[in-house]
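**Student:** Please see the structure below; I have some questions.
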Amino acid sequence: QVHLVESGGGLVQAGGSLRLTCTASISSIDLMDWYWYRQTPGKQRELVAVISAGTSTNYADSVRGRFTISRDNAKHTVDLQMNSLRPEDTAVYYCNVKFPWDSGYWGQGTQVTVSS
C-alpha cells in the first residue's frame, strides 16, 4: 500500500512564506516524477510545479520566480518552497508522484490560505 503524506500548509499573510513537504512510501521513488497541484472550489486542479527524476523543473507562470520545487530521494520527499505568497495562491495543494506512463499516486491535500 502506497502512502503519500503532505504537511506544511497553513495560514499566512500576503508576502509570507510556507514550505510544503510530501513524503511517499515508495521504493522506486528516484525513477519517478513529482508534481504539485492546487485546487480551489469550483475550479479544475491546476499544475503548479514539477520535478522530474532527472531533477529538471518547470513551473506555472503564476508561481515562477516565487515557488521552488526540490526533491530528496533518500528521504522520499518533495518540497515546495513558496515565497511572496499572494491571496490568489490560496488553495488545497496536492502532491502527485508518478512514472511517465501512469497516473501515479496522490496525497490527501493540504490547505494553504493567504490573507490580504
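Each chain in the C-alpha cells gets a letter, A, B and so on, in the order shown; residues start at 1 in every chain, and ligands are counted from 1 in the order they appear.
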Within 10 Å of Arg19 of chain A, counting only C-alpha atoms, which residues show up once you throw out same-chain ones fewer than 4 positions away? Write them as a VMD selection string, please.
**Tutor:** chain A and resid 7 to 10 67 to 69 79 to 83
**Student:** Skip Ser52 of chain A itself and residues of its chain fewer than 4 positions away, then list as a VMD selection string all residues within 9 Å of it, counting only C-alpha atoms.
**Tutor:** chain A and resid 31 to 35 56 to 58
**Student:** Output the selection as a compact mmCIF listing (two decimals), in the first residue's frame - all heavy atoms for each residue.
**Tutor:**
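For reference, out.txt as written:
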# COMPACT_ATOMS: atom_id res chain seq x y z
N LEU A 31 13.05 7.04 -9.61
CA LEU A 31 12.73 6.91 -11.03
C LEU A 31 11.45 7.65 -11.42
O LEU A 31 11.04 7.61 -12.57
CB LEU A 31 12.58 5.43 -11.39
CG LEU A 31 13.78 4.55 -11.08
CD1 LEU A 31 13.46 3.10 -11.43
CD2 LEU A 31 15.01 5.02 -11.83
N MET A 32 10.84 8.30 -10.46
CA MET A 32 9.51 8.88 -10.66
C MET A 32 9.58 10.41 -10.67
O MET A 32 10.50 11.02 -10.12
CB MET A 32 8.57 8.40 -9.55
CG MET A 32 8.48 6.88 -9.48
SD MET A 32 7.52 6.29 -8.08
CE MET A 32 5.87 6.40 -8.74
N ASP A 33 8.59 10.99 -11.33
CA ASP A 33 8.46 12.45 -11.37
C ASP A 33 7.52 12.88 -10.26
O ASP A 33 6.50 12.23 -9.99
CB ASP A 33 7.89 12.90 -12.71
CG ASP A 33 8.74 12.44 -13.89
OD1 ASP A 33 9.97 12.33 -13.73
OD2 ASP A 33 8.17 12.19 -14.96
N TRP A 34 7.79 14.05 -9.68
CA TRP A 34 6.94 14.61 -8.65
C TRP A 34 6.22 15.84 -9.19
O TRP A 34 6.79 16.65 -9.92
CB TRP A 34 7.78 15.09 -7.47
CG TRP A 34 8.29 14.08 -6.51
CD1 TRP A 34 9.54 13.54 -6.47
CD2 TRP A 34 7.59 13.53 -5.39
NE1 TRP A 34 9.67 12.68 -5.41
CE2 TRP A 34 8.49 12.66 -4.72
CE3 TRP A 34 6.32 13.70 -4.87
CZ2 TRP A 34 8.12 11.95 -3.57
CZ3 TRP A 34 5.95 13.00 -3.74
CH2 TRP A 34 6.86 12.14 -3.09
N TYR A 35 4.98 15.99 -8.75
CA TYR A 35 4.19 17.14 -9.15
C TYR A 35 3.52 17.76 -7.92
O TYR A 35 3.15 17.04 -6.98
CB TYR A 35 3.07 16.74 -10.12
CG TYR A 35 3.53 16.15 -11.42
CD1 TYR A 35 3.95 14.82 -11.49
CD2 TYR A 35 3.55 16.91 -12.58
CE1 TYR A 35 4.38 14.27 -12.69
CE2 TYR A 35 3.97 16.36 -13.79
CZ TYR A 35 4.38 15.05 -13.82
OH TYR A 35 4.80 14.51 -15.01
N SER A 56 15.03 17.96 -13.53
CA SER A 56 14.63 19.16 -14.26
C SER A 56 13.30 19.64 -13.67
O SER A 56 12.48 18.85 -13.23
CB SER A 56 14.49 18.89 -15.75
OG SER A 56 13.51 17.91 -15.98
N THR A 57 13.11 20.95 -13.70
CA THR A 57 11.93 21.53 -13.07
C THR A 57 11.16 22.41 -14.05
O THR A 57 11.71 22.92 -15.02
CB THR A 57 12.31 22.38 -11.85
OG1 THR A 57 13.19 23.43 -12.25
CG2 THR A 57 13.00 21.53 -10.78
N ASN A 58 9.88 22.59 -13.75
CA ASN A 58 9.06 23.51 -14.52
C ASN A 58 7.96 24.04 -13.59
O ASN A 58 7.57 23.37 -12.64
CB ASN A 58 8.44 22.84 -15.73
CG ASN A 58 8.06 23.84 -16.80
OD1 ASN A 58 8.34 25.04 -16.68
ND2 ASN A 58 7.41 23.37 -17.85
**Student:** Let me make sure I understand: among A:Val92, A:Ala24, A:Thr77, A:Val5, which one has the smallest atom-to-atom distance to Val48 of chain A if we use only C-alpha atoms?
**Tutor:**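 The answer is A:Val92, which sits nearest to Val48 of chain A.
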**Student:** For Ser27 of chain A, work out the shell of residues within 10 Å, counting only C-alpha atoms and skipping chain neighbours fewer than 5 positions away, then give it as a PyMOL selection string.
**Tutor:** chain A and resi 2+73+76
**Student:** Using all heavy atoms, can you write the selected residues to a file as an mmCIF file, in the first residue's frame?
**Tutor:**
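Result written to selection.cif:
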data_model
loop_
_atom_site.group_PDB
_atom_site.id
_atom_site.type_symbol
_atom_site.label_atom_id
_atom_site.label_comp_id
_atom_site.auth_asym_id
_atom_site.auth_seq_id
_atom_site.Cartn_x
_atom_site.Cartn_y
_atom_site.Cartn_z
ATOM 1 N N VAL A 2 0.673 2.102 -0.979
ATOM 2 C CA VAL A 2 1.456 3.325 -1.104
ATOM 3 C C VAL A 2 0.759 4.450 -0.345
ATOM 4 O O VAL A 2 -0.443 4.643 -0.455
ATOM 5 C CB VAL A 2 1.622 3.718 -2.584
ATOM 6 C CG1 VAL A 2 2.306 5.071 -2.693
ATOM 7 C CG2 VAL A 2 2.410 2.650 -3.320
ATOM 8 N N ASN A 73 15.610 12.119 -2.722
ATOM 9 C CA ASN A 73 15.271 10.712 -2.950
ATOM 10 C C ASN A 73 15.578 9.851 -1.733
ATOM 11 O O ASN A 73 14.876 8.876 -1.462
ATOM 12 C CB ASN A 73 16.012 10.188 -4.175
ATOM 13 C CG ASN A 73 15.507 10.797 -5.465
ATOM 14 O OD1 ASN A 73 14.358 11.250 -5.556
ATOM 15 N ND2 ASN A 73 16.371 10.846 -6.471
ATOM 16 N N HIS A 76 12.748 10.263 0.416
ATOM 17 C CA HIS A 76 11.472 10.005 -0.272
ATOM 18 C C HIS A 76 10.533 11.201 -0.152
ATOM 19 O O HIS A 76 9.329 11.034 0.084
ATOM 20 C CB HIS A 76 10.792 8.748 0.282
ATOM 21 C CG HIS A 76 11.500 7.484 -0.058
ATOM 22 N ND1 HIS A 76 10.869 6.275 -0.133
ATOM 23 C CD2 HIS A 76 12.795 7.232 -0.341
ATOM 24 C CE1 HIS A 76 11.740 5.341 -0.442
ATOM 25 N NE2 HIS A 76 12.919 5.894 -0.571
#
**Student:** Looking at A:Ala74, A:Tyr94, A:Ala14, A:Leu47, which one is nearest to Asp61 of chain A, with distances taken over only C-alpha atoms?
**Tutor:**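 Checking each candidate against Asp61 of chain A, we get A:Leu47 as the closest.
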**Student:** Excluding segment 36-40 of chain A and any residue of its chain fewer than 4 positions from it, enumerate the residues within 12 Å of it, using only C-alpha atoms, and give them as a ChimeraX atom specification.
**Tutor:** /A:6,9,20-22,44-52,57-60,63,67-71,78-82,87-98,105-113
**Student:** Looking at A:Lys43, A:Arg64, A:Arg86, A:Lys75, which one is nearest to Leu18 of chain A, with distances taken over only C-alpha atoms?
**Tutor:** A:Arg86
**Student:** Would you mind telling me which residue in A:Ile29, A:His3, A:Ser84, A:Gly65 lies nearest to Val114 of chain A when using only C-alpha atoms?
**Tutor:**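 Of the candidates, the smallest distance to Val114 of chain A is held by A:Ser84.
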**Student:** What does the distance between atom CA of Asp72 of chain A and atom CA of Leu11 of chain A come to in Å, to one decimal place?
**Tutor:** 25.6 Å
**Student:** Tell me which of A:Ser62, A:Asp102, A:Gln13, A:Ala53 sits closest to Ser115 of chain A, counting only C-alpha atoms.
**Tutor:**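 Distance minimum relative to Ser115 of chain A lands on A:Gln13.
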**Student:** Which one of A:Ser116, A:Ser25, A:Pro41, A:Ser103 sits closest to Gln1 of chain A if you count only C-alpha atoms?
**Tutor:**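 Smallest distance to Gln1 of chain A is found for A:Ser25.
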**Student:** Can you list, as an MDAnalysis selection string, every residue of chain A that DSSP puts in strand (DSSP E or B)?
**Tutor:** chainID A and resid 4:7 10:13 18:24 33:39 46:51 57:59 64 67:72 77:82 91:98 105:106 110:115
